[in-house]
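Engineer: Sharing structure-v8.txt (compact mmCIF, C-alpha atoms) below.
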# COMPACT_ATOMS: atom_id res chain seq x y z
CA MET A 1 34.00 -7.20 6.49
CA MET A 2 34.67 -3.59 7.40
CA SER A 3 31.51 -1.68 8.35
CA SER A 4 30.43 1.29 6.26
CA LYS A 5 30.67 3.80 9.13
CA PRO A 6 34.49 3.62 9.56
CA VAL A 7 34.86 3.66 5.78
CA ALA A 8 32.78 6.84 5.59
CA TRP A 9 34.86 8.62 8.22
CA ALA A 10 38.05 7.36 6.56
CA GLY A 11 36.83 9.06 3.39
CA GLY A 12 36.33 12.27 5.32
CA ALA A 13 39.86 12.10 6.71
CA LEU A 14 41.24 11.45 3.22
CA TYR A 15 39.37 14.49 1.93
CA LEU A 16 40.98 16.76 4.50
CA LEU A 17 44.37 15.19 3.75
CA MET A 18 43.93 15.78 0.01
CA VAL A 19 43.01 19.44 0.60
CA GLY A 20 46.08 19.84 2.76
CA LEU A 21 48.28 18.33 0.04
CA LEU A 22 46.75 20.62 -2.58
CA VAL A 23 47.36 23.76 -0.56
CA GLY A 24 50.70 22.84 1.02
CA GLY A 25 52.17 20.63 -1.68
CA ALA A 26 51.59 22.93 -4.63
CA PRO A 27 51.74 26.46 -3.21
CA ARG A 28 52.58 28.08 -6.57
CA ALA A 29 49.83 26.39 -8.54
CA SER A 30 46.96 28.55 -9.73
CA GLY A 31 43.77 28.92 -7.74
CA MET A 32 41.92 27.13 -10.55
CA VAL A 33 44.05 24.03 -10.03
CA HIS A 34 43.40 24.13 -6.30
CA ALA A 35 39.65 24.58 -6.83
CA VAL A 36 39.31 21.75 -9.34
CA GLY A 37 41.36 19.48 -7.11
CA SER A 38 39.20 20.21 -4.09
CA MET A 39 36.04 19.60 -6.14
CA LEU A 40 37.34 16.20 -7.21
CA ALA A 41 38.38 15.41 -3.64
CA VAL A 42 34.86 16.09 -2.36
CA SER A 43 33.83 12.70 -3.82
CA LEU A 44 35.60 11.20 -0.81
CA LEU A 45 32.86 12.70 1.37
CA VAL A 46 30.06 10.62 -0.17
CA GLY A 47 29.90 8.24 2.79
CA VAL A 48 29.88 11.09 5.31
CA VAL A 49 27.20 12.92 3.31
CA ARG A 50 24.90 9.93 3.49
CA ARG A 51 25.42 9.40 7.23
CA ARG A 52 26.14 12.86 8.64
CA PRO A 53 25.32 15.55 6.04
CA LEU A 54 25.99 18.43 8.43
CA SER A 55 29.42 17.06 9.27
CA ALA A 56 30.11 16.66 5.55
CA LEU A 57 29.06 20.28 4.99
CA ALA A 58 31.42 21.44 7.75
CA MET A 59 34.30 19.49 6.15
CA ALA A 60 33.50 20.86 2.68
CA LEU A 61 33.35 24.42 4.03
CA PHE A 62 36.65 23.96 5.82
CA GLY A 63 38.33 22.44 2.76
CA SER A 64 36.99 25.04 0.30
CA THR A 65 37.91 27.92 2.60
CA ALA A 66 41.38 26.44 3.06
CA VAL A 67 41.81 26.43 -0.73
CA VAL A 68 40.80 30.09 -0.93
CA VAL A 69 42.97 31.12 2.02
CA GLY A 70 45.91 28.97 0.94
CA THR A 71 46.19 30.49 -2.54
CA PRO A 72 49.27 32.76 -2.52
CA SER A 73 48.67 36.50 -2.70
CA SER A 74 50.72 36.73 -5.93
CA VAL A 75 48.19 34.42 -7.59
CA HIS A 76 45.35 36.60 -6.33
CA ALA A 77 46.99 39.61 -7.91
CA GLU A 78 47.22 37.88 -11.29
CA MET A 79 43.45 37.41 -11.45
CA SER A 80 41.75 40.58 -12.51
CA VAL A 81 38.19 39.77 -13.61
CA GLY A 82 35.53 37.13 -13.35
CA TYR A 83 34.75 34.52 -10.79
CA GLN A 84 38.26 33.92 -9.45
CA GLY A 85 39.45 30.31 -9.81
CA GLN A 86 39.87 29.47 -6.18
CA PHE A 87 36.24 30.39 -5.44
CA LEU A 88 35.12 27.48 -7.63
CA SER A 89 35.93 25.23 -4.71
CA PHE A 90 32.74 26.46 -3.05
CA LEU A 91 30.73 24.59 -5.71
CA ALA A 92 31.58 21.44 -3.74
CA VAL A 93 29.92 23.05 -0.73
CA ASP A 94 26.84 23.81 -2.84
CA LEU A 95 26.56 20.14 -3.85
CA VAL A 96 26.49 19.03 -0.21
CA LEU A 97 24.09 21.85 0.58
CA GLY A 98 21.66 20.65 -2.11
CA PHE A 99 21.68 17.17 -0.57
CA ILE A 100 20.88 18.62 2.86
CA VAL A 101 17.98 20.67 1.49
CA ALA A 102 16.61 17.58 -0.26
CA THR A 103 16.80 15.21 2.71
CA TRP A 104 16.84 17.11 5.99
CA THR A 105 14.27 19.17 7.86
CA ARG A 106 13.55 22.71 6.78
CA ARG A 107 15.01 24.16 9.98
CA ALA A 108 18.30 22.30 9.52
CA SER A 109 18.36 23.24 5.84
CA LEU A 110 17.87 26.94 6.60
CA ALA A 111 20.65 26.84 9.19
CA ALA A 112 22.99 25.09 6.75
CA VAL A 113 22.21 27.63 3.99
CA ALA A 114 22.78 30.56 6.35
CA VAL A 115 26.13 29.26 7.63
CA SER A 116 27.33 28.33 4.16
CA PHE A 117 26.40 31.69 2.67
CA ALA A 118 28.03 33.56 5.55
CA VAL A 119 31.32 31.66 5.16
CA GLN A 120 31.36 32.11 1.38
CA LEU A 121 30.49 35.79 1.63
CA LEU A 122 33.24 36.35 4.18
CA ALA A 123 35.84 34.55 2.06
CA ILE A 124 34.85 36.39 -1.11
CA GLY A 125 34.76 39.73 0.72
CA VAL A 126 38.29 39.23 2.01
CA PHE A 127 39.95 37.92 -1.15
CA ALA A 128 38.00 39.73 -3.90
CA HIS A 129 38.10 43.48 -4.42
CA GLY A 130 36.58 46.12 -6.66
CA ASP A 131 34.28 44.94 -9.42
CA ASN A 132 35.29 41.35 -8.76
CA LEU A 133 33.63 41.50 -5.34
CA THR A 134 30.15 42.16 -6.73
CA VAL A 135 30.52 39.66 -9.55
CA ASN A 136 31.81 36.94 -7.25
CA VAL A 137 29.06 37.49 -4.66
CA VAL A 138 26.34 37.37 -7.35
CA ILE A 139 27.76 34.20 -8.90
CA ALA A 140 28.13 32.52 -5.51
CA LEU A 141 24.54 33.44 -4.67
CA LEU A 142 23.28 32.06 -8.00
CA ALA A 143 25.21 28.81 -7.57
CA MET A 144 23.85 28.34 -4.05
CA SER A 145 20.32 29.17 -5.20
CA ALA A 146 20.56 26.62 -8.01
CA SER A 147 21.70 23.84 -5.67
CA CYS A 148 18.97 24.68 -3.14
CA THR A 149 16.33 24.75 -5.90
CA VAL A 150 17.37 21.31 -7.10
CA GLY A 151 17.25 20.07 -3.52
CA LEU A 152 13.76 21.51 -3.00
CA LEU A 153 12.49 19.93 -6.21
CA SER A 154 13.92 16.59 -5.14
CA ARG A 155 12.28 16.94 -1.71
CA GLU A 156 8.89 17.81 -3.20
CA ARG A 157 9.11 14.92 -5.64
CA ARG A 158 9.93 12.49 -2.85
CA GLU A 159 7.15 13.84 -0.61
CA HIS A 160 4.69 13.58 -3.49
CA ALA A 161 5.72 9.98 -4.11
CA MET A 162 5.33 9.20 -0.40
CA ALA A 163 1.87 10.79 -0.40
CA LEU A 164 0.84 8.67 -3.38
CA ARG A 165 2.14 5.53 -1.69
CA SER A 166 0.24 6.44 1.48
CA GLN A 167 -2.96 6.87 -0.52
CA GLU A 168 -2.42 3.52 -2.21
CA VAL A 169 -1.83 1.86 1.15
CA ALA A 170 -4.96 3.49 2.59
CA LYS A 171 -7.02 2.31 -0.38
CA ALA A 172 -5.61 -1.20 -0.06
CA VAL A 173 -6.39 -1.26 3.67
CA THR A 174 -9.96 -0.06 3.04
CA ALA A 175 -10.47 -2.66 0.32
CA GLU A 176 -9.15 -5.39 2.59
CA ARG A 177 -11.42 -4.26 5.43
CA LEU A 178 -14.42 -4.41 3.10
CA ARG A 179 -13.37 -7.86 1.89
CA ILE A 180 -13.08 -9.14 5.46
CA ALA A 181 -16.43 -7.57 6.37
CA ARG A 182 -18.11 -9.27 3.41
CA GLU A 183 -16.53 -12.63 4.22
CA LEU A 184 -17.56 -12.48 7.88
CA HIS A 185 -21.06 -11.25 7.07
CA ASP A 186 -21.75 -13.84 4.39
CA MET A 187 -20.34 -16.69 6.48
CA VAL A 188 -21.74 -15.79 9.88
CA ALA A 189 -25.14 -14.44 8.85
CA HIS A 190 -26.08 -17.63 7.01
CA SER A 191 -24.92 -19.90 9.83
CA ILE A 192 -26.53 -17.87 12.60
CA GLY A 193 -29.79 -17.81 10.65
CA ILE A 194 -29.81 -21.61 10.43
CA ILE A 195 -28.82 -21.98 14.09
CA ALA A 196 -31.58 -19.60 15.20
CA ILE A 197 -34.24 -21.49 13.26
CA GLN A 198 -33.05 -24.91 14.42
CA ALA A 199 -32.87 -23.69 18.02
CA GLY A 200 -36.46 -22.48 17.76
CA VAL A 201 -37.61 -25.80 16.33
CA GLY A 202 -35.78 -27.72 19.04
CA SER A 203 -37.24 -25.65 21.85
CA ARG A 204 -40.78 -26.21 20.56
CA VAL A 205 -40.57 -29.96 20.12
CA ILE A 206 -38.13 -30.99 22.84
CA GLN A 207 -40.94 -32.19 25.10
CA THR A 208 -43.22 -33.80 22.52
CA GLN A 209 -40.82 -34.93 19.77
CA PRO A 210 -37.38 -35.68 21.21
CA ALA A 211 -36.14 -37.19 17.95
CA GLU A 212 -36.74 -33.98 16.01
CA ALA A 213 -35.16 -31.99 18.84
CA ARG A 214 -32.05 -34.17 18.58
CA ASP A 215 -31.94 -33.62 14.81
CA ALA A 216 -32.16 -29.87 15.39
CA LEU A 217 -29.32 -30.00 17.91
CA ARG A 218 -27.19 -32.03 15.49
CA ALA A 219 -27.83 -29.45 12.78
CA ILE A 220 -26.86 -26.68 15.21
CA GLU A 221 -23.68 -28.56 16.11
CA ALA A 222 -22.71 -29.17 12.47
CA THR A 223 -23.42 -25.59 11.46
CA SER A 224 -21.52 -24.25 14.46
CA ARG A 225 -18.48 -26.39 13.68
CA GLU A 226 -18.53 -25.30 10.05
CA THR A 227 -18.79 -21.65 11.07
CA LEU A 228 -15.97 -21.99 13.59
CA SER A 229 -13.81 -23.59 10.90
CA GLY A 230 -14.52 -20.72 8.53
CA LEU A 231 -13.78 -18.14 11.20
CA ARG A 232 -10.54 -19.91 12.07
CA ARG A 233 -9.52 -19.96 8.42
CA THR A 234 -10.22 -16.25 8.08
CA LEU A 235 -8.43 -15.28 11.30
CA VAL A 236 -5.39 -17.45 10.57
CA SER A 237 -5.10 -16.00 7.06
CA LEU A 238 -5.17 -12.52 8.59
CA ARG A 239 -2.39 -13.39 11.00
CA GLN A 240 -0.13 -14.97 8.42
CA ALA A 241 2.13 -12.39 6.77
CA ASP A 242 3.33 -15.04 4.34
CA LEU A 243 1.26 -17.97 3.07
CA GLY A 244 4.40 -20.09 3.22
CA THR A 245 4.48 -19.81 7.02
CA VAL A 246 1.27 -21.78 7.54
CA SER A 247 2.01 -24.84 9.61
CA GLU A 248 1.73 -28.17 7.86
CA GLN A 249 0.37 -29.70 11.06
CA SER A 250 -2.74 -27.47 10.88
CA PRO A 251 -3.61 -27.08 7.22
CA LEU A 252 -6.43 -24.67 6.44
CA ALA A 253 -9.59 -25.92 4.78
CA PRO A 254 -9.96 -24.71 1.21
CA SER A 255 -12.24 -21.79 0.54
CA PRO A 256 -15.73 -22.83 -0.57
CA GLY A 257 -16.88 -22.65 -4.17
CA LEU A 258 -19.76 -23.59 -6.44
CA ALA A 259 -18.91 -27.28 -5.94
CA ASP A 260 -20.19 -26.83 -2.36
CA VAL A 261 -23.59 -25.42 -3.32
CA GLU A 262 -25.32 -28.78 -2.81
CA GLN A 263 -23.90 -28.96 0.72
CA LEU A 264 -25.12 -25.41 1.28
CA ALA A 265 -28.55 -26.42 -0.01
CA ALA A 266 -28.65 -29.34 2.42
CA ALA A 267 -27.83 -27.04 5.34
CA THR A 268 -30.55 -24.65 4.17
CA ALA A 269 -33.03 -27.53 3.98
CA ASP A 270 -32.24 -28.32 7.62
CA ALA A 271 -33.37 -24.76 8.38
CA GLY A 272 -36.74 -25.45 6.75
CA VAL A 273 -36.16 -24.16 3.20
CA ARG A 274 -35.82 -26.74 0.43
CA VAL A 275 -33.45 -25.63 -2.30
CA ALA A 276 -33.66 -26.92 -5.86
CA VAL A 277 -30.25 -26.53 -7.54
CA ARG A 278 -30.13 -26.52 -11.32
CA ARG A 279 -26.86 -26.41 -13.26
CA SER A 280 -26.63 -25.82 -16.98
CA GLY A 281 -23.90 -25.26 -19.51
CA GLU A 282 -20.45 -26.78 -19.63
CA GLN A 283 -19.26 -27.08 -16.05
CA ARG A 284 -15.53 -26.28 -15.75
CA PRO A 285 -13.05 -24.99 -13.19
CA LEU A 286 -13.44 -21.28 -12.50
CA PRO A 287 -10.91 -18.67 -11.38
CA ALA A 288 -10.59 -18.75 -7.61
CA ASP A 289 -12.00 -15.26 -7.04
CA ILE A 290 -15.07 -15.91 -9.22
CA ASP A 291 -15.69 -19.32 -7.65
CA LEU A 292 -15.60 -17.94 -4.10
CA SER A 293 -17.66 -14.84 -4.92
CA ALA A 294 -20.31 -16.91 -6.73
CA TYR A 295 -20.64 -19.18 -3.71
CA ARG A 296 -20.93 -16.23 -1.34
CA ILE A 297 -23.62 -14.61 -3.51
CA VAL A 298 -25.70 -17.80 -3.47
CA GLN A 299 -25.10 -18.17 0.26
CA GLU A 300 -26.23 -14.63 1.04
CA ALA A 301 -29.29 -14.97 -1.19
CA LEU A 302 -30.30 -18.19 0.62
CA THR A 303 -29.73 -16.47 3.96
CA ASN A 304 -32.17 -13.75 2.94
CA VAL A 305 -34.69 -16.40 1.92
CA ILE A 306 -34.41 -18.04 5.35
CA ARG A 307 -34.69 -14.77 7.23
CA HIS A 308 -37.16 -12.74 5.18
CA ALA A 309 -39.04 -14.74 2.56
CA GLY A 310 -41.33 -16.74 4.81
CA THR A 311 -41.42 -19.64 2.36
CA GLY A 312 -40.32 -23.25 2.43
CA ARG A 313 -38.67 -23.50 -0.96
CA CYS A 314 -36.53 -21.66 -3.47
CA GLN A 315 -34.55 -22.31 -6.64
CA VAL A 316 -30.89 -21.79 -7.48
CA ALA A 317 -29.84 -21.71 -11.13
CA ILE A 318 -26.18 -21.83 -12.13
CA ASP A 319 -25.48 -21.36 -15.83
CA TYR A 320 -21.95 -21.84 -17.20
CA ARG A 321 -21.90 -19.79 -20.37
CA ALA A 322 -19.07 -19.29 -22.82
CA GLN A 323 -18.11 -15.80 -21.63
CA GLU A 324 -19.85 -15.45 -18.29
CA LEU A 325 -21.28 -17.21 -15.27
CA SER A 326 -24.94 -16.59 -14.53
CA LEU A 327 -26.45 -17.04 -11.08
CA GLU A 328 -30.11 -16.79 -10.11
CA VAL A 329 -31.83 -17.38 -6.77
CA VAL A 330 -35.63 -17.18 -6.87
CA ASP A 331 -38.23 -17.74 -4.15
CA ASP A 332 -42.01 -17.49 -4.00
CA GLY A 333 -42.18 -15.87 -0.59
CA CYS A 334 -43.43 -12.51 0.58
CA GLY A 335 -40.73 -10.49 -1.19
CA ALA A 336 -38.81 -7.66 0.45
CA THR A 337 -40.31 -5.78 3.35
CA GLY A 338 -40.23 -2.05 3.41
CA ASP A 339 -36.87 -1.58 5.08
CA SER A 340 -35.36 -5.06 5.23
CA SER A 341 -32.60 -4.20 2.79
CA ALA A 342 -31.79 -1.01 4.62
CA ARG A 343 -31.10 -2.80 7.89
CA GLY A 344 -28.40 -5.13 6.64
CA PHE A 345 -25.41 -5.34 4.40
CA GLY A 346 -26.20 -8.50 2.47
CA ILE A 347 -27.24 -7.00 -0.84
CA ILE A 348 -24.59 -4.28 -0.46
CA GLY A 349 -21.95 -6.96 -0.04
CA MET A 350 -23.23 -8.86 -3.08
CA ARG A 351 -23.10 -5.72 -5.19
CA GLU A 352 -19.53 -5.03 -4.06
CA ARG A 353 -18.43 -8.55 -4.94
CA VAL A 354 -19.98 -8.39 -8.37
CA ALA A 355 -18.58 -4.90 -9.04
CA LEU A 356 -15.06 -6.05 -8.15
CA LEU A 357 -15.36 -8.76 -10.78
CA GLY A 358 -16.78 -6.42 -13.43
CA GLY A 359 -20.22 -8.04 -13.46
CA ASP A 360 -23.85 -7.04 -12.93
CA LEU A 361 -26.30 -7.75 -10.11
CA SER A 362 -30.03 -7.27 -9.87
CA ALA A 363 -32.01 -7.91 -6.70
CA GLY A 364 -35.65 -7.12 -6.09
CA PRO A 365 -39.22 -8.43 -5.76
CA ARG A 366 -40.84 -10.23 -8.69
CA THR A 367 -44.15 -9.12 -10.21
CA GLU A 368 -45.57 -12.62 -9.75
CA GLY A 369 -44.49 -12.65 -6.12
CA GLY A 370 -41.37 -13.56 -4.23
CA PHE A 371 -37.85 -12.24 -4.61
CA ARG A 372 -35.14 -12.68 -7.24
CA VAL A 373 -31.38 -12.24 -7.08
CA ALA A 374 -29.52 -12.50 -10.38
CA ALA A 375 -25.80 -12.02 -10.96
CA ARG A 376 -23.68 -12.10 -14.09
CA LEU A 377 -19.93 -12.61 -13.68
CA PRO A 378 -17.74 -12.31 -16.80
CA LEU A 379 -15.27 -15.13 -17.33
CA VAL A 380 -13.08 -13.37 -19.90
CA ALA A 381 -9.81 -11.63 -18.88
CA ARG A 382 -10.51 -8.49 -16.90
CA VAL A 383 -8.13 -5.62 -17.55
CA GLY A 384 -7.71 -2.95 -14.87
CA VAL A 385 -10.36 -4.46 -12.58
CA PRO A 386 -9.15 -5.08 -9.01
CA VAL A 387 -9.51 -8.72 -8.02
CA GLU A 388 -10.47 -9.80 -4.54
CA ALA A 389 -7.90 -12.12 -3.05
CA ARG A 390 -8.98 -15.29 -1.35
Would you write out, as structure tokens, the structure that this file holds?
Structural biologist:
Amino acid sequence: MMSSKPVAWAGGALYLLMVGLLVGGAPRASGMVHAVGSMLAVSLLVGVVRRRPLSALAMALFGSTAVVVGTPSSVHAEMSVGYQGQFLSFLAVDLVLGFIVATWTRRASLAAVAVSFAVQLLAIGVFAHGDNLTVNVVIALLAMSASCTVGLLSRERREHAMALRSQEVAKAVTAERLRIARELHDMVAHSIGIIAIQAGVGSRVIQTQPAEARDALRAIEATSRETLSGLRRTLVSLRQADLGTVSEQSPLAPSPGLADVEQLAAATADAGVRVAVRRSGEQRPLPADIDLSAYRIVQEALTNVIRHAGTGRCQVAIDYRAQELSLEVVDDGCGATGDSSARGFGIIGMRERVALLGGDLSAGPRTEGGFRVAARLPLVARVGVPVEAR
């Protein structure tokens, strides 16, 4: 298949050949015929315009000037008023000029406008006289101004579209960074909290109660492996530009969901906090984003219980309602300390997750003591609400 570059230059050569045939093959034809013919022939320069606009402008200037110069003097004498026919050929130059203004740098555009106007002014000044000179110069200036204005409007529209796309990309990048930060925080904070507690237990009883120390080490090992698996899943998903490129030899573990809450409760119990899980309502499959976010909310709430509550038990309530999913994590510990929420991002991350899903979150100390985290996630179709990808 012939490449587009030789085809483009072949079109340029054909344009010059057509102009030569117009001027040399029909010397007695009117200037209007020559001008219209050269304007039609400029379509042959489309390929050159796209690849080398300045070269296309030079060809169009040469061809249009040749039409003006090649019109016999007797034909010039027959034209008395108005924008003489042969000068219409410069409209082809204006079309190329508008494309340059729309697509090239401002410095190149200004140079192209200056050269084009100088050539047109020179040609009109030589071949138009009297009142026709002023009229022709004014009309040429208006035609050039119109083409440049259209080019500027096209440039501004394209730059505005590019700016909007850049803003959308920046927003998408920020949202993805926040999503990754929430995922890493919720996953790592819970696991590190359990590991820290189990390590403390093991160090205290390793001399007097070796069996309990071994149990603590096993819990640390299991939690570490689970955390490493989650980190690997997150990092691999970040590296994969296309989900279809994931190797079948190393399939990724599925993202956790509410079905894994009992396993989460068991891991929390190993850290010294017994979790009573209560489910109500008609249990059914949930959308992937809601299922993952609900799990992460429960996980972060249990992490806060382990780290801040100072209690040995808490309750998790999961209610499957007709139009929403209700989550509640309640403990009877010491509640929130003065600045505990200000030091971390747990509650902030929970609020962001719930807001992305169009729900509500409340988190704060209870009047009867302890702390309560409650979330409501709508299960109906959400219109216009950005959804967090898994």
Engineer: What is the distance, in Å and to one decimal place, between CA of Pro6 (chain A) and CA of Ala60 (chain A)?
Structural biologist: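 CA of Pro6 (chain A) sits 18.6 Å away from CA of Ala60 (chain A).
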Engineer: Calculated over all atoms listed in the file, which of the candidates A:Ala267, A:Ala175, A:Leu121, A:Leu14 has the smallest distance to Thr65 (chain A)?
Structural biologist: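 Under the stated criterion, the closest residue is A:Leu121.
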Engineer: For a quick check of understanding, using all atoms listed in the file, which of A:Ala66, A:Cys334, A:Val316, A:Val49 has the smallest distance to Leu16 (chain A)?
Structural biologist: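 Using all atoms listed in the file, the shortest distance to Leu16 (chain A) belongs to A:Ala66.
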Engineer: Using all atoms listed in the file, which residues sit within 12 Å of Glu368 (chain A) once same-chain residues fewer than 5 positions away are excluded, as a VMD selection string?
Structural biologist: chain A and resid 330 to 335
Engineer: Counting all atoms listed in the file, figure out which residue out of A:Arg321, A:Arg353, A:Arg376, A:Arg51 gets nearest to Ser280 (chain A).
Structural biologist: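 Nearest to Ser280 (chain A): A:Arg321.
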Engineer: Report the distance between CA of Ile290 (chain A) and CA of Arg274 (chain A) in Å, rounded to one decimal place.
Structural biologist: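 Distance reported for this atom pair: 25.3 Å.
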Engineer: Could you please determine the separation between CA of Ser154 (chain A) and CA of Val101 (chain A) in Å, to one decimal place?
Structural biologist: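 The value is 8.8 Å.
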Engineer: Fewer than 4 positions away in the same chain doesn't count, so skip those; otherwise give me all residues within 12 Å of Ala269 (chain A), counting all atoms listed in the file, as JSON, numbers by chain.
Structural biologist: {"A": [194, 197, 198, 216, 219, 262, 263, 264, 265, 273, 274, 275, 276, 277, 302, 303, 305, 306, 311, 312, 313, 314, 315]}
Engineer: I need the residue nearest Glu352 (chain A) from this list: A:Ser147, A:Pro210, A:Tyr295, A:Ala181. Use all atoms listed in the file for the distance.
Structural biologist: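 Between A:Ser147, A:Pro210, A:Tyr295, A:Ala181, the residue approaching Glu352 (chain A) most closely is A:Ala181.
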Engineer: So, with all atoms listed in the file as the atoms that count, which of A:Asp186, A:Glu212, A:Pro378, A:Val201 lies closest to Thr227 (chain A)?
Structural biologist: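 That would be A:Asp186, the residue with the smallest distance to Thr227 (chain A).
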Engineer: Quick one: of A:Leu91, A:Leu40, A:Thr367, A:His185, who's nearest to Leu142 (chain A), counting all atoms listed in the file?
Structural biologist: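 Closest residue, counting all atoms listed in the file: A:Leu91.
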Engineer: Output region 152-165 of chain A as an mmCIF file, keeping the file's coordinate frame, making sure N, CA and C atoms are there.
Structural biologist:
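Now in out_35.cif:
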data_model
loop_
_atom_site.group_PDB
_atom_site.id
_atom_site.type_symbol
_atom_site.label_atom_id
_atom_site.label_comp_id
_atom_site.auth_asym_id
_atom_site.auth_seq_id
_atom_site.Cartn_x
_atom_site.Cartn_y
_atom_site.Cartn_z
ATOM 1 N N LEU A 152 15.180 21.351 -3.295
ATOM 2 C CA LEU A 152 13.760 21.510 -3.000
ATOM 3 C C LEU A 152 12.889 20.689 -3.951
ATOM 4 N N LEU A 153 13.250 20.713 -5.235
ATOM 5 C CA LEU A 153 12.490 19.930 -6.210
ATOM 6 C C LEU A 153 12.575 18.439 -5.892
ATOM 7 N N SER A 154 13.763 17.997 -5.506
ATOM 8 C CA SER A 154 13.920 16.590 -5.140
ATOM 9 C C SER A 154 13.087 16.253 -3.906
ATOM 10 N N ARG A 155 13.082 17.161 -2.919
ATOM 11 C CA ARG A 155 12.280 16.940 -1.710
ATOM 12 C C ARG A 155 10.793 16.843 -2.041
ATOM 13 N N GLU A 156 10.310 17.809 -2.856
ATOM 14 C CA GLU A 156 8.890 17.810 -3.200
ATOM 15 C C GLU A 156 8.509 16.561 -3.986
ATOM 16 N N ARG A 157 9.403 16.136 -4.870
ATOM 17 C CA ARG A 157 9.110 14.920 -5.640
ATOM 18 C C ARG A 157 9.030 13.699 -4.726
ATOM 19 N N ARG A 158 9.951 13.606 -3.774
ATOM 20 C CA ARG A 158 9.930 12.490 -2.850
ATOM 21 C C ARG A 158 8.694 12.526 -1.958
ATOM 22 N N GLU A 159 8.334 13.727 -1.460
ATOM 23 C CA GLU A 159 7.150 13.840 -0.610
ATOM 24 C C GLU A 159 5.879 13.506 -1.392
ATOM 25 N N HIS A 160 5.853 13.910 -2.661
ATOM 26 C CA HIS A 160 4.690 13.580 -3.490
ATOM 27 C C HIS A 160 4.590 12.072 -3.695
ATOM 28 N N ALA A 161 5.723 11.428 -3.944
ATOM 29 C CA ALA A 161 5.720 9.980 -4.110
ATOM 30 C C ALA A 161 5.285 9.280 -2.829
ATOM 31 N N MET A 162 5.737 9.788 -1.677
ATOM 32 C CA MET A 162 5.330 9.200 -0.400
ATOM 33 C C MET A 162 3.838 9.384 -0.168
ATOM 34 N N ALA A 163 3.302 10.556 -0.555
ATOM 35 C CA ALA A 163 1.870 10.790 -0.400
ATOM 36 C C ALA A 163 1.060 9.831 -1.271
ATOM 37 N N LEU A 164 1.530 9.608 -2.503
ATOM 38 C CA LEU A 164 0.840 8.670 -3.380
ATOM 39 C C LEU A 164 0.876 7.256 -2.808
ATOM 40 N N ARG A 165 2.045 6.857 -2.284
ATOM 41 C CA ARG A 165 2.140 5.530 -1.690
ATOM 42 C C ARG A 165 1.216 5.407 -0.477
#
